[in-house]
Structures are given as structure tokens and as C-alpha cells.
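Just below is one structure, and these are the notes that go with it.
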Amino acid sequence: MPDSISLKIESNIAIAMRDGVTLYADIYRPEGDGPFPTILQRTPYDKTNALSATMLDPIRSAKAGFAVVIQDTRGRFASEGEFYAFRDDINDGYDTVEWAAAQPWSNGNVGMYGASYVGATQWLAAISRPPHLKAIAPTVTASNYHDGWTYQGGAFELGFNMSWTLLQLTLANFKNVSGVQGVPRERRGQLIQAIDNMTEGFGFLPTKDFPELDSGLAKYYYDWLAHPDFDDYWRKICIEDQHSEIEVPALHTGGWYDIFLGGTIRNYLGMKKSGANETARSGQRLVIGPWAHGARGSTMAGRHYFGIMADPAATDIDGMHLRWFDHWLNARGPNDEKNGIVDEAPVRIFVMGDDVWREEQEWPLARAQETKYYLHSGGKANSKNGDGSLGTDSPQAEPPDVFLYNPADPVPTTGGALCCNPYYAANGAYDQNEVEERQDVLVYSTPPLERDVEVTGPVKVVLWASTSATDTDFTAKLVDVCENGCARNLTDGIIRARYRDSMSDPTLLEPGRAYRYEIDLWATSNVFKAGHRIRLEISSSNFPRFDRNTNTGNIIAEDTELRPALQTVFHDAQQASYVSLAIVPR
């Protein structure tokens, strides 16, 4: 449509849900009767906020011939009801999609879009199978609201959960929340203080009694802490367990430094394998850039510059979305050509190091070679000044490495996959040298590389370790070390020992016994340049990205005791520890 087209904008349009609660939406569409293909955003972040527009420009979309509906979810801003994260978005999503499809200006085909929780509202609607939902475009969102949103590897994602709930979910919507729950006005000032002193909140014990979100401000936060296992509380809203019920194509957009990268990839793979029909299985597309959460296309992730091609102007994310919805939502005759987006390569990734975009036919890449880089040392890999090394030769008779993990002095988080506070939970790429000075961080590095080495694909650490505790954590971080010594984090992960075999049925450890652990570092795409080194860090904490394991074996959310633990990491012929990297021939 021409740029001169007249638009119609309507505010606070009432939409009744099945239980009588009214939600409100703003609508942007071309003037006239239509009918128009319709795209829907269901957001907890205020439909009038600039954030809602940055997820996809509603003016540009309306000029392109779409009707755009942006709705406040239940209990948020203009909408009625009580907000409880995830709980009502299945039914409310269904009802809103069907309402939009029934409007006289709609052609009956509805798509959904948006990032983070706004991606969750898409998946939760999709599992309810509304008949008129034809496509979705979830950006930086998860596949499982237990493992990969609230917890990771069994550890509570403290930095994200606390900062997100305090600010974006509670303070930003305080008028609505306090009115529904009858919370006095003075609690708003206390919330502000809690946000400005979040370091104290991170250290509060026991975590289940953190006072700043109680009295109904965020009941779900305490329920998350009360359900550390993957149980029925989580199963009914688990997306990846219900891929076989979902009928819609999806355009998945993620970031290498995004907190939900693992879920973005799992949703793509799960839908390709198990989608409810051939259209869903073949209609999956994956785009991953060098972005941290919330960046939605940026030249920077943390303190690292990835070049102009990482900028949204270069990638035209809005244009990609509009082509996606044009293909799936516009009713055309059988001989009418479509815009070709589904004929393009299904995977588009940004390769860090080379800082270029590349199209691929699959994920993981068929030509990538899984290569094990084994941990080696003479027993003194403590810190970057130790004797730890990394290589493709398997270990023989080598002494283990030992360190003391003291939860009263945890390894501090320095960047990585975080959200949602630029100071207390700064995300992206940062130099790791200060962290690597610590004696409770084991550091293993290759010699300087003789040639460029591309790692593109899943990253996993297999660790043989023992502990003096009945429960503890082990962490891993993949790092690119440049020629002058700068150390850029790429991806990291954690495993809480009691969940080493199952997220549903935790079992404690026998102190002193060696166990095999798998630590999922999700994925990356990075070219380690000639002269650089591939580095792996191993420790037992990454705080406050993850809560501290108290090492007592008690329920961690209820514990007030912090007990040191002696950790032993093995790398010998019988107990070879390694990081598995997908090496792409060049």
C-alpha cells in the first residue's frame, strides 16, 4: 500500500474474556472496511509504552495493509483482573485471537508477534489452538517456564527473576496491582528502595521470605520458589511438551547473549520435528543475532561491538516480520505469487568473530564436527595464572583440580545471558579477567590458535567431579581470549547437583564420590581468530545470575545456613572431563 494511506487508530477497545473480565486494546489499521489481515500483540508492559512499538512498528504495519491489535494482558495497565504470570494467557490468548478474527475489518486470519513475555503469550495461545491463529513470530522467549525461564539447570535465575518482578512486573504496574490486592500506597516507595538496593535483595536469606514482593504484590514469585522441581505446576504451561499440539508456523528470533536462547532453539527444533501438521513442521524459521535480551537488533552486546551489520537497520527486522505475516495471513488465489520468504534458507545466523550474517539449511549444521576439548592440568588449574589447559588429546594419568566453593563469597556474575536491570543484571559480553583471578575459578585454555577456528552449534560440558557436600552446583563458561589477553564470554551454564539425572526427581549426593555431570551451555556461533585462545571456566557459582547453592542439602529457598564445600574436578583416562564444540570446517 502507498505511504499516503490514511490510518485509523482506536484506543481502549473492550474485549470480553470467557469469565467476564474485560481486557483493553489499541487498534491501528488502514481506513476503510478492509478486510485486513490482523496481527496481535498481547503485552504485560503497557500497550501505550514505546516498547510495544519497538517490537514491530504499528504505523508501518498499518501502512502495509495490516490491522494491528495491541492488548494489555489481564491485570496489566488498562485491563481488568489479576495478573499472575503465565496462568491466564492460554484462555485469554484464545479468546482474543477469535475476537480479532470476528471483527468486520479483519479477513479472519490472525498472527501474533512480540518479544520475551510477549513471546510467551504467543506460545500459550498457540497451545490452545484457536482456529483463526495462522502464524506467530516469537522473539527472545522460552520453551519451558521452569527450565530456561525461572530456573536453569535446576538453579533459580535470581538476578533475572528478582529484577524483572520488582521493576517491570510490579513497580511499573503498581497502581493496578495495588488496587486489586489492596496494597497501601507506601509500598511503592519501598519497591523503589528495593530496586535501588537490589544487592541486598540478592543476598537475603531465606529467599522464600524476601519481603519486598509479599502481601499479594507478586504471589507467583513465591510460588516459583516453592516449586523448584519440574512438577505439575510447570507441566501444564510447558510449551516444549506440547509442540505436537501446535498447528502454526513460527518465525523464531533469538540472540547469542539472550537469556532465553536455549528455549528459542528448542522451540524451533521441537516444532520442526513434532508440530501438529506438515504446515507447522515445514513452516519454522530461525534467526539468531549477536544480541542480548531486549536489544532487538543492536551493534553492541554488553561492551562488545559487533559491527554495523548487527544493527536493526541492516537486518530490517520489521520488514522480515511483515513479509512473514504477508505470506501466512493474506488470502490469495491459487495462482498468485507470494513474497518468497518461505523459500529462503530456514536458518539465518550471525557469526561472531567474522561479524557476518550467514544463511543455513538446518540447525545444528550438518557439516559441523562435534569435537571434544579435554581439560588438562598438573592439579593447579586455579585461576588464569594456573596450569590448566584445553586440548583435543584425551587425558591419561593427571591429578585432579581442587577448589573451595564458599557460598558466602560466590563468584560474581560478569555479563552473560541476563535481564532486566542494566546495572544489577548487566547482560552481554564483558571482559572476564577479574573473575579469572579467583582461586575458586578453574581456567583451561588452548595455546594460541594457528588458524581461525569456527564454533557454531550446541555447546555442552561433561564434568567428572566430587564434592564434600550432599548438594552443590557446578558452572561452566566458554570464553574467547584475544591476543592481548582480553577474555570475552560467549555462553555459560550451570547444573545443580541434585538435578543431575532429573529435573522432576532430585537426589542428593554421596560426599566424596565422583559423579558425571552434563552442563548445557546452549549454543554459540563464534570464530576464534588465529592467535586467540579457546577457554573454559569451571566453578560452582555465578551470582546473582543464579542463586547460591547453600551446600547443606536442604531446600535452598528455605535455607539460612551457608556451608563451604570442597570441590574436586577430575580429568584422567577413566574420568575425562571435556567441553564439546561444534567445529565448522573452513
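Going by the C-alpha cells order, chains are called A, B, ..., each with residues numbered from 1, while ligands are numbered from 1 in the order shown.
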Using only C-alpha atoms, which protein or nucleic acid residues come within 10 Å of Gln575 of chain A? Drop anything in the same chain fewer than 4 positions from it, and give the result as a PyMOL selection string. chain A and resi 395-396+400+462-465+514-516+569-571
Preceding selection exported with all heavy atoms as a short mmCIF file (atom, residue, chain, number, x, y, z; two decimals), in the first residue's frame:
data_model
loop_
_atom_site.label_atom_id
_atom_site.label_comp_id
_atom_site.auth_asym_id
_atom_site.auth_seq_id
_atom_site.Cartn_x
_atom_site.Cartn_y
_atom_site.Cartn_z
N PRO A 395 42.93 -37.13 28.19
CA PRO A 395 43.86 -37.17 29.33
C PRO A 395 44.24 -38.60 29.69
O PRO A 395 43.52 -39.55 29.39
CB PRO A 395 43.05 -36.51 30.45
CG PRO A 395 41.63 -36.79 30.09
CD PRO A 395 41.57 -36.76 28.60
N GLN A 396 45.37 -38.74 30.33
CA GLN A 396 45.82 -40.03 30.85
C GLN A 396 45.87 -39.96 32.37
O GLN A 396 44.86 -39.71 32.99
CB GLN A 396 47.18 -40.39 30.23
CG GLN A 396 47.13 -40.53 28.71
CD GLN A 396 46.11 -41.56 28.24
OE1 GLN A 396 46.05 -42.68 28.77
NE2 GLN A 396 45.29 -41.20 27.25
N PRO A 400 43.69 -34.41 39.86
CA PRO A 400 42.51 -33.55 39.75
C PRO A 400 42.80 -32.13 40.21
O PRO A 400 43.84 -31.86 40.83
CB PRO A 400 41.50 -34.23 40.67
CG PRO A 400 42.34 -34.89 41.72
CD PRO A 400 43.59 -35.34 41.00
N VAL A 462 30.90 -31.92 29.76
CA VAL A 462 30.80 -33.13 30.57
C VAL A 462 31.88 -33.04 31.64
O VAL A 462 33.07 -32.91 31.33
CB VAL A 462 30.98 -34.40 29.71
CG1 VAL A 462 31.12 -35.63 30.60
CG2 VAL A 462 29.80 -34.56 28.75
N LEU A 463 31.45 -33.08 32.88
CA LEU A 463 32.35 -32.84 34.00
C LEU A 463 32.27 -34.01 34.97
O LEU A 463 31.18 -34.41 35.40
CB LEU A 463 31.94 -31.55 34.71
CG LEU A 463 32.91 -30.97 35.72
CD1 LEU A 463 34.13 -30.37 35.00
CD2 LEU A 463 32.22 -29.88 36.56
N TRP A 464 33.43 -34.55 35.30
CA TRP A 464 33.53 -35.54 36.39
C TRP A 464 34.00 -34.80 37.62
O TRP A 464 35.06 -34.16 37.61
CB TRP A 464 34.50 -36.64 36.02
CG TRP A 464 33.92 -37.68 35.11
CD1 TRP A 464 33.98 -37.71 33.76
CD2 TRP A 464 33.17 -38.83 35.51
NE1 TRP A 464 33.33 -38.81 33.26
CE2 TRP A 464 32.81 -39.53 34.34
CE3 TRP A 464 32.76 -39.36 36.74
CZ2 TRP A 464 32.08 -40.71 34.35
CZ3 TRP A 464 32.03 -40.53 36.77
CH2 TRP A 464 31.69 -41.19 35.58
N ALA A 465 33.20 -34.85 38.69
CA ALA A 465 33.55 -34.07 39.87
C ALA A 465 32.98 -34.73 41.13
O ALA A 465 32.00 -35.48 41.08
CB ALA A 465 33.00 -32.65 39.74
N ALA A 514 32.69 -39.46 43.02
CA ALA A 514 32.73 -38.78 41.73
C ALA A 514 31.46 -39.08 40.93
O ALA A 514 31.05 -40.24 40.83
CB ALA A 514 33.96 -39.21 40.93
N TYR A 515 30.86 -38.03 40.39
CA TYR A 515 29.68 -38.15 39.54
C TYR A 515 29.95 -37.50 38.19
O TYR A 515 30.77 -36.57 38.08
CB TYR A 515 28.47 -37.45 40.18
CG TYR A 515 27.95 -38.10 41.44
CD1 TYR A 515 28.50 -37.79 42.69
CD2 TYR A 515 26.90 -39.01 41.39
CE1 TYR A 515 28.01 -38.36 43.86
CE2 TYR A 515 26.40 -39.59 42.55
CZ TYR A 515 26.96 -39.27 43.78
OH TYR A 515 26.46 -39.85 44.93
N ARG A 516 29.23 -37.95 37.19
CA ARG A 516 29.29 -37.35 35.87
C ARG A 516 28.17 -36.33 35.73
O ARG A 516 27.01 -36.63 35.95
CB ARG A 516 29.14 -38.43 34.79
CG ARG A 516 29.25 -37.93 33.35
CD ARG A 516 29.01 -39.08 32.39
NE ARG A 516 29.20 -38.70 30.99
CZ ARG A 516 28.26 -38.16 30.21
NH1 ARG A 516 27.04 -37.93 30.71
NH2 ARG A 516 28.52 -37.85 28.96
N VAL A 569 37.61 -31.65 40.65
CA VAL A 569 37.30 -31.86 39.24
C VAL A 569 38.33 -32.81 38.66
O VAL A 569 39.54 -32.55 38.71
CB VAL A 569 37.29 -30.52 38.47
CG1 VAL A 569 37.15 -30.76 36.97
CG2 VAL A 569 36.16 -29.63 38.98
N PHE A 570 37.85 -33.92 38.10
CA PHE A 570 38.73 -34.96 37.58
C PHE A 570 38.89 -34.83 36.07
O PHE A 570 37.97 -34.44 35.34
CB PHE A 570 38.14 -36.34 37.90
CG PHE A 570 37.97 -36.60 39.38
CD1 PHE A 570 36.76 -36.32 40.01
CD2 PHE A 570 39.02 -37.11 40.13
CE1 PHE A 570 36.60 -36.55 41.36
CE2 PHE A 570 38.86 -37.35 41.49
CZ PHE A 570 37.65 -37.06 42.12
N HIS A 571 40.08 -35.18 35.60
CA HIS A 571 40.36 -35.24 34.16
C HIS A 571 41.48 -36.26 33.96
O HIS A 571 42.66 -35.92 33.86
CB HIS A 571 40.71 -33.86 33.60
CG HIS A 571 41.61 -33.03 34.47
ND1 HIS A 571 42.98 -33.16 34.47
CD2 HIS A 571 41.31 -32.08 35.38
CE1 HIS A 571 43.50 -32.30 35.33
NE2 HIS A 571 42.50 -31.63 35.91
#
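Using only C-alpha atoms, the residues found no farther than 12 Å from Gly379 of chain A, other than those of its own chain fewer than 5 positions away, are A:Gly386, A:Asp387, A:Gly388, A:Ser389, A:Ala397, A:Glu398, A:Pro399, A:Pro400, A:Asp401, A:Val402, A:Phe403, A:Leu442, A:Val443, A:Tyr444, A:Thr568, A:Val569, A:Phe570, A:His571, A:Asp572.
Proximity to Val248 of chain A was assessed for A:Ser128, A:Ser215, A:Thr165, A:Asn49 counting only C-alpha atoms; the smallest distance is recorded for A:Ser128.
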For the interface of segment 273-311 of chain A with segment 349-367 of chain A (cut-off 8 Å, counting only C-alpha atoms), please tabulate each contacting residue of segment 273-311 of chain A alongside its nearest pair of atoms and their separation in Å to one decimal, rows sorted by chain and increasing number, as JSON lines.
{"residue": "A:Val287", "atom": "CA", "partner": "A:Ile349", "partner_atom": "CA", "distance": 5.7}
{"residue": "A:Ile288", "atom": "CA", "partner": "A:Ile349", "partner_atom": "CA", "distance": 4.9}
{"residue": "A:Gly289", "atom": "CA", "partner": "A:Phe350", "partner_atom": "CA", "distance": 5.0}
{"residue": "A:Pro290", "atom": "CA", "partner": "A:Phe350", "partner_atom": "CA", "distance": 6.3}
{"residue": "A:Phe306", "atom": "CA", "partner": "A:Asp355", "partner_atom": "CA", "distance": 6.0}
{"residue": "A:Gly307", "atom": "CA", "partner": "A:Asp355", "partner_atom": "CA", "distance": 6.7}
{"residue": "A:Met309", "atom": "CA", "partner": "A:Val356", "partner_atom": "CA", "distance": 7.0}
{"residue": "A:Ala310", "atom": "CA", "partner": "A:Phe350", "partner_atom": "CA", "distance": 7.9}
Q.
I need the residues of segment 103-321 of chain A that end up classed as strand (DSSP E or B) by DSSP on the backbone, written out as a PyMOL selection string.
A. chain A and resi 106-115+133-139+147+151-152+155-156+250-257+284-292+300-302+304-305
Quick one: write out the picked residues with C-alpha atoms as a JSON list (two decimals), in the first residue's frame?
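Result went into out.json, see below:
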[["chain", "number", "residue", "atom", "x", "y", "z"],
["A", 106, "SER", "CA", -10.48, -8.50, 9.75],
["A", 107, "ASN", "CA", -10.06, -11.06, 6.99],
["A", 108, "GLY", "CA", -10.22, -13.78, 9.65],
["A", 109, "ASN", "CA", -6.50, -14.59, 9.57],
["A", 110, "VAL", "CA", -4.63, -13.64, 12.75],
["A", 111, "GLY", "CA", -0.92, -13.65, 13.52],
["A", 112, "MET", "CA", 0.82, -12.87, 16.80],
["A", 113, "TYR", "CA", 4.18, -11.22, 17.47],
["A", 114, "GLY", "CA", 6.37, -9.80, 20.22],
["A", 115, "ALA", "CA", 9.38, -10.41, 22.44],
["A", 133, "LEU", "CA", -4.44, -18.21, 14.52],
["A", 134, "LYS", "CA", -2.38, -18.77, 11.36],
["A", 135, "ALA", "CA", 1.21, -17.80, 12.28],
["A", 136, "ILE", "CA", 3.34, -16.45, 15.13],
["A", 137, "ALA", "CA", 6.63, -14.59, 15.39],
["A", 138, "PRO", "CA", 8.06, -15.12, 18.90],
["A", 139, "THR", "CA", 11.24, -13.19, 19.70],
["A", 147, "ASP", "CA", 13.99, -24.83, 32.92],
["A", 151, "TYR", "CA", 15.36, -21.98, 36.65],
["A", 152, "GLN", "CA", 18.32, -23.16, 34.61],
["A", 155, "ALA", "CA", 19.32, -23.26, 39.79],
["A", 156, "PHE", "CA", 16.95, -20.34, 40.40],
["A", 250, "ALA", "CA", 6.68, -19.70, 13.64],
["A", 251, "LEU", "CA", 9.40, -17.18, 12.92],
["A", 252, "HIS", "CA", 11.80, -17.60, 15.87],
["A", 253, "THR", "CA", 14.21, -14.74, 16.62],
["A", 254, "GLY", "CA", 16.91, -15.07, 19.28],
["A", 255, "GLY", "CA", 20.25, -13.69, 20.44],
["A", 256, "TRP", "CA", 23.54, -15.39, 21.29],
["A", 257, "TYR", "CA", 23.57, -13.47, 24.60],
["A", 284, "GLN", "CA", 9.58, -22.92, 11.05],
["A", 285, "ARG", "CA", 12.26, -20.25, 10.57],
["A", 286, "LEU", "CA", 15.15, -19.35, 12.91],
["A", 287, "VAL", "CA", 17.10, -16.09, 13.13],
["A", 288, "ILE", "CA", 19.82, -15.56, 15.76],
["A", 289, "GLY", "CA", 21.82, -12.34, 16.06],
["A", 290, "PRO", "CA", 24.65, -11.22, 18.38],
["A", 291, "TRP", "CA", 22.14, -9.68, 20.75],
["A", 292, "ALA", "CA", 21.42, -9.61, 24.46],
["A", 300, "MET", "CA", 26.50, -3.76, 20.99],
["A", 301, "ALA", "CA", 26.10, -6.65, 23.40],
["A", 302, "GLY", "CA", 27.45, -5.57, 26.75],
["A", 304, "HIS", "CA", 31.48, -5.64, 22.68],
["A", 305, "TYR", "CA", 30.85, -4.04, 19.28]]
